[in-house]
Amino acid sequence: EAAVTQSPRNKVTVTGGNVTLSCRQTNSHNYMYWYRQDTGHGLRLIHYSYGAGNLQIGDVPDGYKATRTTQEDFFLLLELASPSQTSLYFCASGRDRDYEQYFGPGTRLTVL
Amino acid sequence: AQKVTQTQTSISVMEKTTVTMDCVYETQDSSYFLFWYKQTASGEIVFLIRQDSYKKENATVGHYSLNFQKPKSSIGLIITATQIEDSAVYFCAMSPNTGANTGKLTFGHGTILRVHP
């Protein structure tokens with residue numbers, strides 16, 4: 001059974017729209033992460049969290065909010081989506097900050 | 001700031017041979033972690049192997065091993081007896097072990113490996 005799941009798997013929205021991407025992990029891991037993957041840039045960290053209610057800023061946070069409601073659930077929010085946010089988004093979890101990360105299957109977001 | 005560079009865009013090898021993928025990194029931290037991940041054709045990203053900077057022994061897991069050369073800031077991934085299913089994109093990544101940035105992975109752009117029968 002997959003330990004990190006993401007929903008939706010695909011999403012199409014229009015410029016200015018609101019989007020919420022969901023991630024759930026059943027690894028009992030403390031850390032959760034949101035990345036985006038783009039051709040020519042590889043994987044880049046947007047936001048991460050080390051527990052419920054905590055949020056840390058990643059390397060490309062502009063235009064994104066995130067919220068960790070429980071140890072299991074981490075959400076990525078795009079309140080005014082722009083075409084530049086068209087990307088493949090991955091969620092990951094890690095037992096602690098110096099441990100390897102385990103990735104979800106990804107969400108492909110298209111902003112028209 | 002950290003930087004991870006994978007200079008090989010793609011590599012093609014014959015099945016059952018050994019392949020080495022290069023990775024060099026830049027960091028100001030004295031202690032750090034190095035990782036290799038694999039992304040399959042389906043998009044799945046899987047952790048393969050890690051090296052802690054304070055360990056001199058090269059890590060080995062199954063048919064994956066690392067060539068860690070700290071003075072050269074280099075962490076090569078070696079795959080022995082390659083199989084068709086090893087065809088994928090391989091990412092090198094690093095994380096500092098000090099300060100507030102511990103756990104923040106910086107990835108290279110990846111190397112495409114094609115294994116031919």
# chains A, B, ... in the order shown; residues from 1 in each chain; ligands from 1

$ select_by_dssp --residues "chain B" --states "helix (DSSP H, G or I)" --output "PyMOL selection string"
chain B and resi 70-72+84-86+99-101

$ residues_around --residues "stretch 52-59 of chain A" --least-positions-apart "3" --cutoff "9 Å" --atoms "only C-alpha atoms" --output "list of chain:residue names"
A:Asn30, A:Tyr33, A:Trp34, A:Tyr35, A:Arg44, A:Leu45, A:Ile46, A:His47, A:Tyr48, A:Ser49, A:Asp62, A:Ala66, A:Thr67, A:Arg68, A:Thr69, A:Thr70, A:Gln71, A:Glu72, A:Asp73, A:Phe74, B:Lys104

$ select_by_dssp --residues "chain B" --states "strand (DSSP E)" --output "ChimeraX atom specification"
/B:3-5,10-14,19-21,24-26,32-39,45-52,60-61,64-69,74-79,88-96,106-107,111-116

$ interface_residues --of "chain A" --to "chain B" --cutoff "6 Å" --atoms "only C-alpha atoms" --output "list in words"
Gly42, Arg97, Asp98, Phe103 and Pro105 of chain A

$ write_last_selection --atoms "C-alpha atoms" --output "PDB file, in the first residue's frame"
ATOM      1  CA  GLY A  42      14.937  19.477 -11.914  1.00  0.00           C
ATOM      2  CA  ARG A  97      15.432  16.046   8.583  1.00  0.00           C
ATOM      3  CA  ASP A  98      18.573  13.995   8.002  1.00  0.00           C
ATOM      4  CA  PHE A 103       7.880  10.577  -2.685  1.00  0.00           C
ATOM      5  CA  PRO A 105       3.207   9.776  -7.342  1.00  0.00           C
TER       6      PRO A 105
END

$ closest_residue --among "A:Gln37, A:Ser28, A:Asn18, A:Ser82" --to "A:Tyr50" --atoms "only C-alpha atoms"
A:Ser28

$ closest_residue --among "A:Thr110, A:Thr26, A:Gln101, A:Thr15" --to "A:Glu79" --atoms "only C-alpha atoms"
A:Thr15

$ atom_distance --atom1 "atom CA of A:Leu109" --atom2 "atom CA of A:Gly16"
13.7 Å

$ closest_residue --among "B:Ser65, B:Gln39, B:Thr111, B:Ser73" --to "B:Glu85" --atoms "only C-alpha atoms"
B:Gln39

$ decode --residues "stretch 91-102 of chain A" --atoms "all heavy atoms" --output "short mmCIF file (atom, residue, chain, number, x, y, z; two decimals), in the first residue's frame"
data_model
loop_
_atom_site.label_atom_id
_atom_site.label_comp_id
_atom_site.auth_asym_id
_atom_site.auth_seq_id
_atom_site.Cartn_x
_atom_site.Cartn_y
_atom_site.Cartn_z
N CYS A 91 4.95 15.53 -3.59
CA CYS A 91 5.00 15.58 -2.13
C CYS A 91 5.94 14.48 -1.67
O CYS A 91 6.05 13.43 -2.33
CB CYS A 91 3.59 15.37 -1.58
SG CYS A 91 3.48 15.27 0.21
N ALA A 92 6.62 14.70 -0.55
CA ALA A 92 7.51 13.68 0.00
C ALA A 92 7.44 13.73 1.52
O ALA A 92 7.06 14.75 2.10
CB ALA A 92 8.94 13.90 -0.48
N SER A 93 7.82 12.63 2.15
CA SER A 93 7.91 12.60 3.61
C SER A 93 9.26 12.02 4.01
O SER A 93 9.87 11.25 3.27
CB SER A 93 6.77 11.78 4.22
OG SER A 93 6.96 10.38 4.00
N GLY A 94 9.73 12.42 5.20
CA GLY A 94 10.98 11.91 5.74
C GLY A 94 10.87 11.76 7.23
O GLY A 94 10.21 12.56 7.90
N ARG A 95 11.50 10.71 7.77
CA ARG A 95 11.38 10.42 9.19
C ARG A 95 11.88 11.59 10.03
O ARG A 95 11.27 11.97 11.02
CB ARG A 95 12.18 9.17 9.53
CG ARG A 95 11.89 8.62 10.90
CD ARG A 95 12.44 7.23 11.01
NE ARG A 95 13.60 7.18 11.89
CZ ARG A 95 14.30 6.09 12.11
NH1 ARG A 95 14.02 4.98 11.47
NH2 ARG A 95 15.31 6.10 12.93
N ASP A 96 12.99 12.12 9.63
CA ASP A 96 13.55 13.29 10.29
C ASP A 96 14.33 14.05 9.24
O ASP A 96 14.47 13.59 8.10
CB ASP A 96 14.42 12.88 11.47
CG ASP A 96 14.47 13.96 12.53
OD1 ASP A 96 14.31 15.15 12.18
OD2 ASP A 96 14.65 13.62 13.72
N ARG A 97 14.88 15.17 9.61
CA ARG A 97 15.43 16.05 8.58
C ARG A 97 16.71 15.51 7.97
O ARG A 97 17.11 15.96 6.91
CB ARG A 97 15.68 17.44 9.15
CG ARG A 97 16.58 17.48 10.36
CD ARG A 97 16.64 18.88 10.89
NE ARG A 97 17.62 19.02 11.96
CZ ARG A 97 17.95 20.17 12.50
NH1 ARG A 97 17.37 21.29 12.10
NH2 ARG A 97 18.84 20.24 13.46
N ASP A 98 17.35 14.54 8.58
CA ASP A 98 18.57 13.99 8.00
C ASP A 98 18.35 12.60 7.40
O ASP A 98 19.30 11.87 7.18
CB ASP A 98 19.69 13.95 9.03
CG ASP A 98 19.31 13.17 10.27
OD1 ASP A 98 18.11 12.86 10.43
OD2 ASP A 98 20.19 12.87 11.09
N TYR A 99 17.09 12.25 7.18
CA TYR A 99 16.77 10.96 6.58
C TYR A 99 16.35 11.12 5.13
O TYR A 99 15.92 12.19 4.70
CB TYR A 99 15.64 10.28 7.36
CG TYR A 99 16.12 9.58 8.60
CD1 TYR A 99 16.46 10.30 9.74
CD2 TYR A 99 16.23 8.19 8.64
CE1 TYR A 99 16.91 9.67 10.87
CE2 TYR A 99 16.67 7.55 9.77
CZ TYR A 99 17.01 8.29 10.89
OH TYR A 99 17.45 7.66 12.01
N GLU A 100 16.42 10.03 4.40
CA GLU A 100 15.97 10.03 3.02
C GLU A 100 14.47 10.32 2.95
O GLU A 100 13.74 10.10 3.91
CB GLU A 100 16.28 8.69 2.34
CG GLU A 100 15.72 7.48 3.04
CD GLU A 100 16.66 6.93 4.11
OE1 GLU A 100 17.64 7.62 4.49
OE2 GLU A 100 16.41 5.81 4.57
N GLN A 101 14.05 10.82 1.78
CA GLN A 101 12.66 11.19 1.59
C GLN A 101 11.97 10.18 0.69
O GLN A 101 12.58 9.59 -0.20
CB GLN A 101 12.57 12.60 1.00
CG GLN A 101 13.13 13.64 1.97
CD GLN A 101 13.15 15.03 1.39
OE1 GLN A 101 12.42 15.34 0.44
NE2 GLN A 101 13.96 15.90 1.97
N TYR A 102 10.67 10.01 0.95
CA TYR A 102 9.85 9.10 0.17
C TYR A 102 8.78 9.92 -0.53
O TYR A 102 8.07 10.70 0.10
CB TYR A 102 9.25 8.02 1.08
CG TYR A 102 10.32 7.14 1.64
CD1 TYR A 102 11.02 7.47 2.79
CD2 TYR A 102 10.69 5.98 0.96
CE1 TYR A 102 12.04 6.68 3.27
CE2 TYR A 102 11.71 5.17 1.43
CZ TYR A 102 12.38 5.53 2.58
OH TYR A 102 13.41 4.74 3.04
#
